[in-house]
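For reference, model.txt is printed below; it contains compact mmCIF, N, CA and C atoms.
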# COMPACT_ATOMS: atom_id res chain seq x y z
N MET A 125 0.82 -1.17 0.00
CA MET A 125 0.00 0.00 0.00
C MET A 125 0.87 1.24 0.00
N ARG A 126 0.27 2.17 -0.65
CA ARG A 126 1.01 3.40 -0.78
C ARG A 126 0.70 4.30 0.40
N PRO A 127 1.57 5.18 0.73
CA PRO A 127 1.37 6.06 1.89
C PRO A 127 0.15 6.97 1.72
N GLU A 128 -0.17 7.37 0.50
CA GLU A 128 -1.35 8.23 0.31
C GLU A 128 -2.63 7.47 0.66
N MET A 129 -2.64 6.22 0.29
CA MET A 129 -3.81 5.39 0.57
C MET A 129 -3.96 5.16 2.07
N LEU A 130 -2.86 4.96 2.74
CA LEU A 130 -2.87 4.77 4.18
C LEU A 130 -3.38 6.01 4.90
N THR A 131 -2.99 7.15 4.43
CA THR A 131 -3.43 8.41 5.01
C THR A 131 -4.93 8.59 4.78
N ALA A 132 -5.41 8.25 3.60
CA ALA A 132 -6.85 8.38 3.30
C ALA A 132 -7.68 7.44 4.16
N LEU A 133 -7.21 6.22 4.34
CA LEU A 133 -7.94 5.26 5.18
C LEU A 133 -7.96 5.69 6.64
N SER A 134 -6.86 6.22 7.13
CA SER A 134 -6.84 6.68 8.51
C SER A 134 -7.75 7.90 8.68
N ALA A 135 -7.83 8.76 7.68
CA ALA A 135 -8.73 9.91 7.73
C ALA A 135 -10.18 9.43 7.73
N LEU A 136 -10.47 8.41 6.92
CA LEU A 136 -11.82 7.85 6.89
C LEU A 136 -12.17 7.22 8.23
N ALA A 137 -11.25 6.52 8.87
CA ALA A 137 -11.50 5.91 10.17
C ALA A 137 -11.76 6.98 11.22
N VAL A 138 -10.98 8.04 11.18
CA VAL A 138 -11.19 9.14 12.15
C VAL A 138 -12.55 9.79 11.91
N ALA A 139 -12.95 9.94 10.67
CA ALA A 139 -14.25 10.55 10.36
C ALA A 139 -15.39 9.66 10.86
N LEU A 140 -15.26 8.34 10.67
CA LEU A 140 -16.29 7.42 11.14
C LEU A 140 -16.39 7.43 12.66
N VAL A 141 -15.29 7.42 13.35
CA VAL A 141 -15.29 7.46 14.81
C VAL A 141 -15.90 8.77 15.29
N THR A 142 -15.56 9.87 14.66
CA THR A 142 -16.10 11.18 15.03
C THR A 142 -17.61 11.21 14.80
N ALA A 143 -18.08 10.67 13.69
CA ALA A 143 -19.52 10.64 13.41
C ALA A 143 -20.24 9.77 14.42
N ALA A 144 -19.68 8.61 14.73
CA ALA A 144 -20.31 7.73 15.72
C ALA A 144 -20.34 8.40 17.08
N GLY A 145 -19.29 9.09 17.44
CA GLY A 145 -19.27 9.83 18.71
C GLY A 145 -20.32 10.93 18.73
N GLY A 146 -20.50 11.62 17.63
CA GLY A 146 -21.52 12.67 17.54
C GLY A 146 -22.93 12.11 17.69
N VAL A 147 -23.19 10.99 17.02
CA VAL A 147 -24.51 10.35 17.12
C VAL A 147 -24.73 9.87 18.55
N LEU A 148 -23.73 9.25 19.14
CA LEU A 148 -23.85 8.77 20.51
C LEU A 148 -24.08 9.93 21.48
N THR A 149 -23.40 11.02 21.30
CA THR A 149 -23.58 12.19 22.16
C THR A 149 -24.99 12.76 22.01
N ALA A 150 -25.50 12.79 20.81
CA ALA A 150 -26.87 13.30 20.59
C ALA A 150 -27.90 12.40 21.25
N VAL A 151 -27.72 11.08 21.14
CA VAL A 151 -28.67 10.15 21.75
C VAL A 151 -28.64 10.29 23.27
N ILE A 152 -27.47 10.34 23.83
CA ILE A 152 -27.36 10.48 25.28
C ILE A 152 -27.92 11.82 25.73
N GLY A 153 -27.67 12.85 24.96
CA GLY A 153 -28.19 14.18 25.30
C GLY A 153 -29.71 14.23 25.29
N ARG A 154 -30.34 13.51 24.40
CA ARG A 154 -31.82 13.49 24.36
C ARG A 154 -32.40 12.69 25.51
N ARG A 155 -31.70 11.67 25.97
CA ARG A 155 -32.21 10.83 27.04
C ARG A 155 -32.18 11.54 28.39
N GLN A 156 -31.23 12.38 28.62
CA GLN A 156 -31.11 13.05 29.91
C GLN A 156 -32.28 14.02 30.10
N PRO A 157 -32.82 14.06 31.31
CA PRO A 157 -33.87 15.03 31.56
C PRO A 157 -33.31 16.45 31.50
N ARG A 158 -34.21 17.38 31.31
CA ARG A 158 -33.79 18.76 31.19
C ARG A 158 -33.43 19.36 32.55
N ARG A 159 -33.74 18.61 33.60
CA ARG A 159 -33.41 19.08 34.95
C ARG A 159 -31.96 18.76 35.27
N PRO A 160 -31.38 19.50 36.17
CA PRO A 160 -29.99 19.20 36.56
C PRO A 160 -29.90 17.86 37.28
N ARG A 161 -28.72 17.36 37.31
CA ARG A 161 -28.48 16.06 37.93
C ARG A 161 -28.82 16.12 39.42
N GLY A 162 -29.53 15.12 39.93
CA GLY A 162 -29.91 15.08 41.34
C GLY A 162 -31.27 15.71 41.61
N ALA A 163 -31.88 16.30 40.58
CA ALA A 163 -33.19 16.94 40.79
C ALA A 163 -34.25 15.90 41.12
N GLU A 164 -34.14 14.71 40.55
CA GLU A 164 -35.13 13.67 40.84
C GLU A 164 -35.07 13.27 42.31
N ARG A 165 -33.87 13.17 42.85
CA ARG A 165 -33.74 12.84 44.26
C ARG A 165 -34.33 13.94 45.13
N ARG A 166 -34.13 15.19 44.74
CA ARG A 166 -34.71 16.30 45.49
C ARG A 166 -36.23 16.25 45.43
N ASP A 167 -36.77 15.92 44.26
CA ASP A 167 -38.23 15.80 44.12
C ASP A 167 -38.76 14.68 45.00
N ASP A 168 -38.08 13.55 45.03
CA ASP A 168 -38.50 12.44 45.90
C ASP A 168 -38.45 12.86 47.36
N PHE A 169 -37.41 13.58 47.74
CA PHE A 169 -37.27 14.04 49.12
C PHE A 169 -38.41 14.98 49.50
N THR A 170 -38.74 15.92 48.62
CA THR A 170 -39.83 16.85 48.93
C THR A 170 -41.16 16.11 48.99
N ALA A 171 -41.36 15.12 48.14
CA ALA A 171 -42.61 14.35 48.19
C ALA A 171 -42.71 13.59 49.50
N VAL A 172 -41.62 12.99 49.93
CA VAL A 172 -41.62 12.24 51.19
C VAL A 172 -41.84 13.19 52.36
N THR A 173 -41.16 14.33 52.36
CA THR A 173 -41.33 15.27 53.47
C THR A 173 -42.74 15.84 53.48
N ASP A 174 -43.33 16.06 52.32
CA ASP A 174 -44.72 16.55 52.29
C ASP A 174 -45.66 15.51 52.88
N ARG A 175 -45.48 14.25 52.51
CA ARG A 175 -46.34 13.20 53.06
C ARG A 175 -46.13 13.05 54.56
N LEU A 176 -44.89 13.15 55.00
CA LEU A 176 -44.62 13.07 56.44
C LEU A 176 -45.25 14.25 57.16
N GLY A 177 -45.20 15.43 56.55
CA GLY A 177 -45.83 16.60 57.14
C GLY A 177 -47.34 16.41 57.28
N GLN A 178 -47.97 15.85 56.26
CA GLN A 178 -49.41 15.59 56.32
C GLN A 178 -49.71 14.55 57.40
N HIS A 179 -48.86 13.55 57.50
CA HIS A 179 -49.06 12.50 58.51
C HIS A 179 -48.92 13.10 59.91
N ILE A 180 -47.96 13.96 60.10
CA ILE A 180 -47.77 14.61 61.41
C ILE A 180 -48.96 15.49 61.74
N GLU A 181 -49.47 16.24 60.77
CA GLU A 181 -50.65 17.07 61.01
C GLU A 181 -51.85 16.22 61.41
N ARG A 182 -52.03 15.08 60.74
CA ARG A 182 -53.14 14.19 61.07
C ARG A 182 -52.99 13.65 62.49
N LEU A 183 -51.77 13.27 62.84
CA LEU A 183 -51.53 12.76 64.19
C LEU A 183 -51.77 13.85 65.25
N GLU A 184 -51.40 15.09 64.93
CA GLU A 184 -51.65 16.19 65.87
C GLU A 184 -53.15 16.42 66.04
N ARG A 185 -53.90 16.34 64.94
CA ARG A 185 -55.37 16.50 65.04
C ARG A 185 -55.97 15.38 65.90
N GLU A 186 -55.51 14.15 65.65
CA GLU A 186 -56.02 13.02 66.44
C GLU A 186 -55.65 13.16 67.91
N ALA A 187 -54.44 13.63 68.19
CA ALA A 187 -54.03 13.82 69.59
C ALA A 187 -54.90 14.88 70.26
N GLU A 188 -55.20 15.95 69.54
CA GLU A 188 -56.07 17.00 70.11
C GLU A 188 -57.47 16.46 70.35
N GLN A 189 -57.99 15.66 69.43
CA GLN A 189 -59.31 15.05 69.64
C GLN A 189 -59.28 14.11 70.84
N ASP A 190 -58.20 13.36 70.98
CA ASP A 190 -58.07 12.46 72.14
C ASP A 190 -58.03 13.25 73.44
N ARG A 191 -57.31 14.39 73.43
CA ARG A 191 -57.26 15.23 74.63
C ARG A 191 -58.64 15.74 74.99
N GLN A 192 -59.39 16.20 73.98
CA GLN A 192 -60.73 16.71 74.23
C GLN A 192 -61.65 15.60 74.75
N GLN A 193 -61.53 14.42 74.16
CA GLN A 193 -62.34 13.28 74.61
C GLN A 193 -62.00 12.91 76.04
N ALA A 194 -60.71 12.92 76.38
CA ALA A 194 -60.29 12.59 77.74
C ALA A 194 -60.83 13.62 78.73
N GLU A 195 -60.84 14.89 78.33
CA GLU A 195 -61.38 15.94 79.19
C GLU A 195 -62.87 15.72 79.43
N ALA A 196 -63.60 15.39 78.36
CA ALA A 196 -65.03 15.12 78.50
C ALA A 196 -65.27 13.89 79.38
N ASP A 197 -64.44 12.87 79.21
CA ASP A 197 -64.58 11.66 80.03
C ASP A 197 -64.31 11.96 81.50
N ARG A 198 -63.28 12.78 81.77
CA ARG A 198 -63.00 13.16 83.16
C ARG A 198 -64.17 13.91 83.78
N ALA A 199 -64.77 14.84 83.01
CA ALA A 199 -65.91 15.58 83.53
C ALA A 199 -67.09 14.65 83.81
N ARG A 200 -67.33 13.70 82.90
CA ARG A 200 -68.43 12.76 83.08
C ARG A 200 -68.18 11.88 84.30
N LEU A 201 -66.96 11.38 84.45
CA LEU A 201 -66.64 10.54 85.60
C LEU A 201 -66.75 11.30 86.92
N THR A 202 -66.36 12.56 86.91
CA THR A 202 -66.49 13.38 88.12
C THR A 202 -67.95 13.54 88.49
N ALA A 203 -68.80 13.79 87.50
CA ALA A 203 -70.23 13.95 87.77
C ALA A 203 -70.83 12.63 88.27
N GLN A 204 -70.43 11.52 87.67
CA GLN A 204 -70.94 10.22 88.13
C GLN A 204 -70.46 9.90 89.54
N ASP A 205 -69.23 10.23 89.85
CA ASP A 205 -68.71 10.03 91.20
C ASP A 205 -69.51 10.86 92.20
N TYR A 206 -69.79 12.09 91.82
CA TYR A 206 -70.57 12.96 92.70
C TYR A 206 -71.98 12.38 92.90
N ALA A 207 -72.56 11.85 91.81
CA ALA A 207 -73.90 11.26 91.91
C ALA A 207 -73.89 10.04 92.85
N LEU A 208 -72.88 9.20 92.74
CA LEU A 208 -72.80 8.02 93.60
C LEU A 208 -72.63 8.41 95.07
N ARG A 209 -71.81 9.40 95.31
CA ARG A 209 -71.63 9.85 96.69
C ARG A 209 -72.94 10.43 97.24
N TYR A 210 -73.64 11.15 96.39
CA TYR A 210 -74.92 11.74 96.81
C TYR A 210 -75.92 10.63 97.16
N ILE A 211 -76.03 9.63 96.30
CA ILE A 211 -76.97 8.53 96.54
C ILE A 211 -76.57 7.75 97.79
N ALA A 212 -75.28 7.50 97.96
CA ALA A 212 -74.83 6.75 99.13
C ALA A 212 -75.14 7.50 100.43
N SER A 213 -74.89 8.79 100.44
CA SER A 213 -75.18 9.55 101.66
C SER A 213 -76.69 9.61 101.91
N TRP A 214 -77.46 9.72 100.84
CA TRP A 214 -78.92 9.75 100.99
C TRP A 214 -79.41 8.41 101.54
N ALA A 215 -78.88 7.33 101.00
CA ALA A 215 -79.30 6.00 101.48
C ALA A 215 -78.91 5.80 102.95
N ARG A 216 -77.73 6.25 103.34
CA ARG A 216 -77.32 6.12 104.75
C ARG A 216 -78.24 6.91 105.67
N SER A 217 -78.54 8.13 105.26
CA SER A 217 -79.42 8.93 106.11
C SER A 217 -80.83 8.33 106.14
N LEU A 218 -81.27 7.76 105.03
CA LEU A 218 -82.60 7.14 104.97
C LEU A 218 -82.66 5.93 105.90
N VAL A 219 -81.65 5.10 105.83
CA VAL A 219 -81.62 3.91 106.67
C VAL A 219 -81.58 4.31 108.15
N ALA A 220 -80.77 5.28 108.46
CA ALA A 220 -80.67 5.72 109.86
C ALA A 220 -82.01 6.28 110.35
N TYR A 221 -82.66 7.04 109.53
CA TYR A 221 -83.94 7.63 109.91
C TYR A 221 -85.01 6.55 110.08
N MET A 222 -85.01 5.60 109.13
CA MET A 222 -86.02 4.54 109.20
C MET A 222 -85.81 3.66 110.44
N ARG A 223 -84.56 3.40 110.80
CA ARG A 223 -84.28 2.61 112.00
C ARG A 223 -84.71 3.36 113.26
N GLN A 224 -84.51 4.62 113.21
CA GLN A 224 -84.79 5.41 114.39
C GLN A 224 -86.29 5.63 114.60
N ALA A 225 -87.00 6.00 113.57
CA ALA A 225 -88.39 6.38 113.73
C ALA A 225 -89.37 5.39 113.12
N GLN A 226 -88.91 4.48 112.36
CA GLN A 226 -89.75 3.52 111.64
C GLN A 226 -90.89 4.24 110.90
N LEU A 227 -90.53 5.25 110.15
CA LEU A 227 -91.47 6.03 109.35
C LEU A 227 -91.16 5.85 107.87
N GLU A 228 -91.92 6.61 107.06
CA GLU A 228 -91.65 6.63 105.63
C GLU A 228 -90.26 7.26 105.39
N PRO A 229 -89.64 6.89 104.28
CA PRO A 229 -88.32 7.47 104.00
C PRO A 229 -88.41 9.00 103.89
N PRO A 230 -87.42 9.69 104.37
CA PRO A 230 -87.44 11.15 104.31
C PRO A 230 -87.11 11.65 102.91
N PRO A 231 -87.33 12.92 102.64
CA PRO A 231 -86.89 13.48 101.36
C PRO A 231 -85.36 13.50 101.32
N PRO A 232 -84.81 13.68 100.19
CA PRO A 232 -83.34 13.73 100.10
C PRO A 232 -82.80 14.79 101.06
N PRO A 233 -81.61 14.55 101.64
CA PRO A 233 -81.07 15.47 102.63
C PRO A 233 -80.73 16.85 102.06
N GLN A 234 -80.65 16.95 100.77
CA GLN A 234 -80.36 18.24 100.14
C GLN A 234 -81.00 18.24 98.76
N PRO A 235 -81.17 19.39 98.14
CA PRO A 235 -81.71 19.39 96.77
C PRO A 235 -80.78 18.61 95.83
N ILE A 236 -81.37 18.01 94.83
CA ILE A 236 -80.57 17.22 93.89
C ILE A 236 -79.77 18.17 93.01
N PRO A 237 -78.44 18.04 93.01
CA PRO A 237 -77.61 18.93 92.18
C PRO A 237 -77.84 18.67 90.69
N ASP A 238 -77.61 19.70 89.91
CA ASP A 238 -77.79 19.58 88.46
C ASP A 238 -76.84 18.56 87.84
N GLU A 239 -75.65 18.39 88.43
CA GLU A 239 -74.68 17.43 87.89
C GLU A 239 -75.17 16.00 88.08
N VAL A 240 -76.00 15.76 89.10
CA VAL A 240 -76.46 14.42 89.44
C VAL A 240 -77.73 14.05 88.69
N ARG A 241 -78.55 15.03 88.38
CA ARG A 241 -79.86 14.81 87.81
C ARG A 241 -79.86 13.87 86.58
N PRO A 242 -78.90 13.98 85.62
CA PRO A 242 -78.93 13.06 84.47
C PRO A 242 -78.73 11.60 84.85
N TYR A 243 -78.10 11.33 85.99
CA TYR A 243 -77.82 9.94 86.38
C TYR A 243 -78.88 9.38 87.31
N LEU A 244 -79.86 10.17 87.67
CA LEU A 244 -80.94 9.70 88.55
C LEU A 244 -82.28 9.56 87.80
N HIS A 245 -82.22 9.40 86.51
CA HIS A 245 -83.43 9.36 85.71
C HIS A 245 -84.35 8.20 86.05
N ASP A 246 -83.83 7.10 86.56
CA ASP A 246 -84.67 5.94 86.82
C ASP A 246 -85.20 5.92 88.25
N ILE A 247 -84.87 6.88 89.09
CA ILE A 247 -85.32 6.90 90.46
C ILE A 247 -86.64 7.67 90.58
N GLY A 248 -86.93 8.51 89.64
CA GLY A 248 -88.19 9.25 89.65
C GLY A 248 -88.08 10.58 90.37
N THR A 249 -86.94 11.20 90.29
CA THR A 249 -86.76 12.50 90.94
C THR A 249 -86.98 13.62 89.95
Encoded form using structure tokens:
Amino acid sequence: MRPEMLTALSALAVALVTAAGGVLTAVIGRRQPRRPRGAERRDDFTAVTDRLGQHIERLEREAEQDRQQAEADRARLTAQDYALRYIASWARSLVAYMRQAQLEPPPPPQPIPDEVRPYLHDIGT
């Protein structure tokens, strides 16, 4: 082979490699998203933090509802405790009076408090 032919073939090989590199670069360039590298990870992180934020807000709402429910339960239990104490003292005074005088049961020792009234519905007061 002559040196001119060798030079032409090497130029053709360089041209083919350059063309293949250009095509490969264009294909890779089209595949990459238009966002900078790592943007997908940032998007995933923000989505996760948003969901966690919503979950935390829901848990805070539920905790507040539980606190309110516990407060209402405490108030109800206090009123029921007061009603039981009232009935017990009334029964003791009634028994003592009946033993002493053998008469009809006396009226309640005090007016029925408003807190007790809902729990005495079956007594007829």
Expected answer as a ChimeraX atom specification: alpha helix (DSSP H) residues in segment 126-241 of chain A: /A:127-155,163-225
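We find atom C of Glu239 of chain A and atom N of Arg200 of chain A to be spaced 9.7 Å apart.
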For Ala203 of chain A: contacts at 8 Å, only N, CA and C atoms, fewer than 4 positions along chain excluded, given as JSON, numbers by chain: {"A": [197, 198, 199, 207, 208, 209, 239, 240, 243]}
Please put the answer as JSON: centre and edge lengths, in Å with one decimal, of a box along x, y and z that encloses all listed atoms of segment 208-217 of chain A plus 6 Å on each side.
{"center_x": -76.2, "center_y": 8.8, "center_z": 99.4, "size_x": 21.2, "size_y": 17.9, "size_z": 25.4}
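Checking A:Glu186, A:Glu181, A:Asp174, A:Asp238 one by one against Gln204 of chain A, counting only C-alpha atoms, you find the shortest gap at A:Asp238.
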Atomic distance atom C of Arg175 of chain A - atom N of Ala187 of chain A, expressed in Å with one decimal: 16.0 Å
Two-atom distance - atom CA of Pro242 of chain A, atom CA of Tyr221 of chain A (Å):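 Going from atom CA of Pro242 of chain A over to atom CA of Tyr221 of chain A covers 26.5 Å.
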